[in-house]
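Asker: If it helps, the file is called target26.txt and holds compact mmCIF, C-alpha atoms:
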```txt
# COMPACT_ATOMS: atom_id res chain seq x y z
CA MET Q 1 93.55 71.21 99.64
CA ASP Q 2 95.68 73.35 101.96
CA VAL Q 3 98.40 75.40 100.27
CA ASP Q 4 101.06 77.91 101.33
CA GLY Q 5 100.72 80.56 98.65
CA VAL Q 6 103.53 82.68 97.27
CA SER Q 7 104.09 86.30 98.23
CA ILE Q 8 105.76 88.71 95.81
CA LEU Q 9 107.66 91.97 96.24
CA GLY Q 10 108.92 93.96 93.28
CA ARG Q 11 110.74 97.30 93.22
CA GLY Q 12 111.58 99.21 90.06
CA ILE Q 13 111.31 96.18 87.81
CA ALA Q 14 111.56 96.34 84.02
CA ALA Q 15 111.54 93.73 81.26
CA LYS Q 16 111.94 93.48 77.50
CA GLY Q 17 110.18 91.27 75.01
CA PRO Q 18 110.91 90.55 71.34
CA GLU Q 19 109.52 93.96 70.34
CA GLY Q 20 111.22 96.01 73.04
CA VAL Q 21 110.50 97.18 76.57
CA VAL Q 22 107.13 95.99 77.88
CA PHE Q 23 107.10 97.56 81.34
CA ALA Q 24 109.49 99.59 83.49
CA ASN Q 25 109.83 101.29 86.88
CA LEU Q 26 107.13 99.04 88.31
CA ASP Q 27 106.62 98.53 92.04
CA LEU Q 28 104.24 95.84 93.28
CA GLN Q 29 103.38 93.66 96.24
CA VAL Q 30 101.23 90.53 96.29
CA SER Q 31 100.13 88.82 99.50
CA ALA Q 32 100.27 85.06 99.89
CA GLY Q 33 96.87 83.56 99.06
CA ALA Q 34 95.66 86.67 97.24
CA LEU Q 35 93.82 87.09 93.98
CA ALA Q 36 96.10 89.61 92.24
CA VAL Q 37 94.93 91.05 88.93
CA ILE Q 38 97.14 92.81 86.39
CA ALA Q 39 94.62 95.22 84.89
CA GLY Q 40 94.87 97.29 81.74
CA PRO Q 41 94.17 97.34 78.02
CA SER Q 42 95.60 94.70 75.73
CA GLY Q 43 99.14 95.54 74.67
CA THR Q 44 100.25 97.09 77.97
CA GLY Q 45 102.40 94.12 78.99
CA ARG Q 46 99.99 92.09 81.10
CA THR Q 47 101.16 88.69 79.84
CA SER Q 48 104.81 89.72 80.02
CA LEU Q 49 104.37 90.69 83.66
CA LEU Q 50 102.80 87.32 84.44
CA LEU Q 51 105.80 85.68 82.80
CA ALA Q 52 108.24 87.83 84.76
CA LEU Q 53 106.57 87.26 88.13
CA SER Q 54 106.75 83.50 87.58
CA GLY Q 55 110.41 83.40 86.53
CA ARG Q 56 109.64 82.90 82.84
CA LEU Q 57 110.79 86.29 81.52
CA PRO Q 58 114.05 87.76 82.86
CA LEU Q 59 114.15 91.30 84.18
CA ILE Q 60 116.60 93.87 82.84
CA THR Q 61 116.55 95.92 86.03
CA GLY Q 62 114.91 96.09 89.46
CA TYR Q 63 114.42 93.77 92.44
CA LEU Q 64 111.90 90.92 92.49
CA ASP Q 65 111.42 88.48 95.38
CA VAL Q 66 108.98 85.56 95.26
CA SER Q 67 108.62 83.94 98.68
CA GLY Q 68 112.31 84.46 99.44
CA HIS Q 69 113.52 83.50 95.96
CA VAL Q 70 115.20 86.44 94.24
CA LEU Q 71 114.86 86.67 90.47
CA PRO Q 72 116.43 86.06 88.06
CA ALA Q 73 119.00 83.99 89.99
CA GLN Q 74 116.38 81.62 91.41
CA ALA Q 75 114.01 81.56 88.46
CA LYS Q 76 113.94 77.75 88.28
CA ALA Q 77 112.64 77.48 91.85
CA VAL Q 78 110.00 80.13 91.18
CA ARG Q 79 108.79 78.31 88.06
CA GLN Q 80 108.18 75.25 90.22
CA LEU Q 81 106.16 77.32 92.69
CA ILE Q 82 103.96 79.12 90.15
CA ARG Q 83 102.35 77.07 87.40
CA PRO Q 84 100.40 78.37 84.38
CA ALA Q 85 96.74 77.53 83.95
CA ARG Q 86 96.49 79.65 80.81
CA LEU Q 87 99.09 81.91 79.19
CA ARG Q 88 98.45 83.41 75.79
CA PRO Q 89 99.83 82.57 73.34
CA GLY Q 90 101.33 79.15 73.76
CA TYR Q 91 99.90 77.61 76.93
CA GLU Q 92 96.25 76.65 76.48
CA LEU Q 93 94.29 73.43 76.35
CA GLU Q 94 94.42 71.78 72.94
CA GLU Q 95 91.02 72.48 71.38
CA LYS Q 96 90.87 69.21 69.43
CA HIS Q 97 91.59 67.06 72.48
CA ARG Q 98 88.76 65.51 74.41
CA VAL Q 99 88.33 66.47 78.04
CA ARG Q 100 89.49 63.05 79.20
CA GLU Q 101 92.64 63.40 77.06
CA ALA Q 102 93.42 66.81 78.56
CA ILE Q 103 92.99 65.37 82.04
CA LEU Q 104 95.21 62.39 81.29
CA GLU Q 105 97.90 64.57 79.72
CA ARG Q 106 98.01 66.95 82.66
CA ARG Q 107 98.01 64.05 85.14
CA LEU Q 108 101.04 62.54 83.43
CA ILE Q 109 102.88 65.86 83.22
CA SER Q 110 102.16 67.16 86.72
CA GLY Q 111 101.87 63.91 88.67
CA ALA Q 112 98.45 64.91 89.99
CA SER Q 113 96.28 62.02 91.10
CA ASP Q 114 92.78 61.27 89.85
CA ARG Q 115 91.52 62.16 93.33
CA SER Q 116 93.21 65.56 93.31
CA ILE Q 117 91.87 66.34 89.85
CA ASP Q 118 88.34 65.37 90.92
CA ALA Q 119 88.72 67.58 94.01
CA ALA Q 120 89.86 70.51 91.87
CA LEU Q 121 86.89 70.10 89.53
CA ASP Q 122 84.54 69.97 92.51
CA LEU Q 123 86.10 73.11 94.00
CA LEU Q 124 85.35 75.03 90.81
CA GLY Q 125 81.88 73.55 90.37
CA LEU Q 126 82.76 71.68 87.18
CA ALA Q 127 81.43 68.37 85.91
CA PRO Q 128 82.46 68.38 82.22
CA ASP Q 129 81.46 65.70 79.77
CA ARG Q 130 84.79 63.87 79.49
CA SER Q 131 84.02 62.70 75.97
CA ALA Q 132 83.48 66.27 74.73
CA LEU Q 133 86.06 68.14 72.69
CA ILE Q 134 87.68 71.07 74.45
CA ASP Q 135 86.40 73.51 71.82
CA GLU Q 136 82.86 72.25 72.40
CA LEU Q 137 82.92 73.52 75.98
CA HIS Q 138 81.54 76.92 76.94
CA PRO Q 139 84.46 79.40 77.10
CA ALA Q 140 84.03 79.77 80.87
CA ASP Q 141 84.08 76.00 81.35
CA ARG Q 142 87.14 75.74 79.10
CA LEU Q 143 89.01 78.31 81.19
CA LEU Q 144 87.95 76.80 84.50
CA LEU Q 145 88.97 73.32 83.32
CA ALA Q 146 92.45 74.72 82.65
CA VAL Q 147 92.44 76.24 86.14
CA ALA Q 148 91.33 72.97 87.72
CA LEU Q 149 94.11 71.03 86.01
CA ALA Q 150 96.65 73.63 87.14
CA ILE Q 151 95.59 73.60 90.80
CA ALA Q 152 95.24 69.82 91.10
CA PRO Q 153 98.92 69.24 92.06
CA SER Q 154 98.62 72.08 94.65
CA PRO Q 155 101.22 74.60 93.43
CA ALA Q 156 101.86 77.70 95.53
CA GLY Q 157 100.49 79.91 92.76
CA ILE Q 158 98.90 79.83 89.32
CA LEU Q 159 98.80 82.14 86.29
CA VAL Q 160 95.53 82.89 84.48
CA ASP Q 161 95.87 85.15 81.45
CA ASP Q 162 93.06 87.11 79.75
CA VAL Q 163 90.36 86.15 82.22
CA ASP Q 164 87.68 88.34 80.65
CA VAL Q 165 88.42 87.76 76.96
CA GLY Q 166 85.46 86.30 75.10
CA LEU Q 167 83.25 86.06 78.19
CA PRO Q 168 79.91 87.85 78.72
CA LEU Q 169 79.50 89.63 82.05
CA PRO Q 170 77.65 86.79 83.87
CA SER Q 171 80.37 84.31 82.86
CA ARG Q 172 83.09 86.70 84.00
CA ALA Q 173 81.45 86.93 87.42
CA ARG Q 174 81.34 83.13 87.60
CA VAL Q 175 85.04 82.79 86.72
CA TRP Q 176 86.13 85.47 89.19
CA ALA Q 177 84.08 83.78 91.92
CA ALA Q 178 85.78 80.46 91.10
CA LEU Q 179 89.23 82.09 91.28
CA HIS Q 180 88.31 83.48 94.71
CA GLU Q 181 87.49 79.91 95.74
CA VAL Q 182 91.00 78.87 94.67
CA THR Q 183 92.52 81.50 96.98
CA ARG Q 184 90.56 80.05 99.91
CA THR Q 185 92.91 77.05 99.72
CA GLY Q 186 95.82 79.44 100.42
CA MET Q 187 97.00 79.40 96.80
CA THR Q 188 97.99 82.70 95.16
CA VAL Q 189 96.24 83.49 91.88
CA LEU Q 190 97.98 85.85 89.46
CA ALA Q 191 95.55 86.88 86.72
CA SER Q 192 95.30 89.42 83.92
CA ALA Q 193 92.26 91.21 82.55
CA ALA Q 194 91.18 94.47 81.00
CA ASP Q 195 89.32 95.34 84.19
CA ALA Q 196 89.74 93.95 87.69
CA PRO Q 197 86.63 92.66 89.47
CA SER Q 198 85.25 94.31 92.56
CA GLY Q 199 85.79 92.85 96.00
CA ASP Q 200 88.83 91.43 97.72
CA VAL Q 201 91.36 91.79 94.91
CA GLU Q 202 94.91 93.13 94.79
CA VAL Q 203 95.17 95.18 91.60
CA ILE Q 204 98.45 95.82 89.75
CA HIS Q 205 98.38 98.74 87.33
CA LEU Q 206 101.01 98.92 84.59
CA PRO Q 207 102.53 102.26 83.50
CA ALA Q 208 100.44 103.34 80.54
CA ARG Q 209 103.00 105.25 78.47
CA GLU Q 210 106.74 105.34 78.02
CA GLN Q 211 106.77 109.08 78.70
CA ASP Q 212 105.56 108.33 82.24
CA TRP Q 213 108.83 106.52 83.04
CA PRO Q 214 111.58 108.46 84.86
CA THR Q 215 114.53 109.74 82.84
CA ASP Q 216 117.03 107.48 84.63
CA VAL Q 217 114.97 104.41 83.71
CA LEU Q 218 114.73 105.49 80.07
CA ASP Q 219 118.49 106.03 79.98
CA LEU Q 220 119.09 102.54 81.37
CA LEU Q 221 116.75 100.95 78.84
CA GLU Q 222 118.42 102.84 76.00
CA GLU Q 223 121.81 101.59 77.11
CA ASP Q 224 120.47 98.03 77.22
CA THR Q 225 119.13 98.18 73.66
CA PRO Q 226 121.51 96.60 71.10
```
Take the structure in the file and give it back as C-alpha cells.
Answerer:
Amino acid sequence: MDVDGVSILGRGIAAKGPEGVVFANLDLQVSAGALAVIAGPSGTGRTSLLLALSGRLPLITGYLDVSGHVLPAQAKAVRQLIRPARLRPGYELEEKHRVREAILERRLISGASDRSIDAALDLLGLAPDRSALIDELHPADRLLLAVALAIAPSPAGILVDDVDVGLPLPSRARVWAALHEVTRTGMTVLASAADAPSGDVEVIHLPAREQDWPTDVLDLLEEDTP
C-alpha cells in the first residue's frame, strides 16, 4: 500500500452544528501522511472538526484547503479523499453483524478487493474470527477492524473519532501504534481523543471557551444566527 496523503491548511475557520457554534477562529495545518489528533474534552467540537476537515460539515467563515481543494466549494472531492473509519454518532460497525458480514458490506460499498482487505488486516495485526459478532470483539479490535476496512481501498486520509473512549491504557497504546503504521503507507490519519499520544503526532487544540474568541468573530457569528 503506497498512498499520497492529504495535507490541510485552515485559517480562521468556524462552524455551526444543530446546537450552535462548535468552534471558531481556528488555525491549523496538517502534513500529508501525518497522524493528526484533535485533542480536548468531550463537547469541545472534536467530531464537528473532523466532519468539517473532510467536507462533511460546512464552514460559516474562514479558509480551508485540503490538498488544493478549497472548502466548501469542493467538498464533494474532499469527501472522496477522506473516508471515515469511525465517526460518532452514526458511522460505526453494526454490532449485531458478524465480522464476515461487515467485511462483505464494506467491500461492496468501497470496491475494495479481498486482497486489499487482507493486507489492511495484516498491517494492523488483526486476525479476527470472521464468524464472531462485532460486539463480541474486544473494543480495540472492533476499532481497528473499522480502521482496516476504511484503509483497504487506499483513500488519501481517514477519520477516527474517540480513539481513547472505552479503552484501558495498554489498548490505547496498541491502537495509537496501529494508526502510526497506517501513516507509514503515506495515508493521513485524522483522529480525535481526550489526550493526544506522545511521539510523532500533530496535535490540534480547539478553543476552550467562547470568551476566548475575538470580538470580530463573535460579531460575525451573532449576525449568522437566525
Asker: Is it possible to get the axis-aligned box enclosing range 151-169 of chain Q (all listed atoms, 3 Å extra per side) as AutoDock Vina command-line options, with centre and edge lengths in Å rounded to one decimal?
Answerer:
```
--center_x 90.7 --center_y 79.4 --center_z 85.3 --size_x 28.4 --size_y 26.4 --size_z 26.4
```
Asker: Interatomic distance between CA of Ile60 in chain Q and CA of Ala14 in chain Q?
Answerer: 5.7 Å
Asker: Please return, as JSON, numbers by chain, all polymer residues that have at least one atom within 10 Å of the point (114.0, 95.4, 83.9); use only C-alpha atoms and the file's own coordinate frame.
Answerer: {"Q": [12, 13, 14, 15, 16, 21, 22, 23, 24, 25, 26, 52, 57, 58, 59, 60, 61, 62, 63, 64, 217, 220, 221, 224]}
Asker: Which one is closest to Gly10 in chain Q: Q:Leu71, Q:Ile82, Q:Val147, Q:Val37? Count only C-alpha atoms.
Answerer: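 Checking each of Q:Leu71, Q:Ile82, Q:Val147, Q:Val37 against Gly10 in chain Q, counting only C-alpha atoms, the winner is Q:Leu71.
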Asker: Interatomic distance between CA of Glu101 in chain Q and CA of Arg130 in chain Q?
Answerer: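 If I compute the distance from CA of Glu101 in chain Q to CA of Arg130 in chain Q, I get 8.2 Å.
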Asker: Which polymer residues have any atom within 12 Å of an atom of Val201 in chain Q, counting all atoms listed in the file, with same-chain residues fewer than 6 positions away left out, as a list in words?
Answerer: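 The neighbour list is Val30, Ser31, Gly33, Ala34, Leu35, Ala36, Val37, Ile38, Ala39, Trp176, Ala177, Leu179, His180, Thr183, Thr188, Val189, Leu190, Ala191, Ser192 and Asp195 of chain Q.
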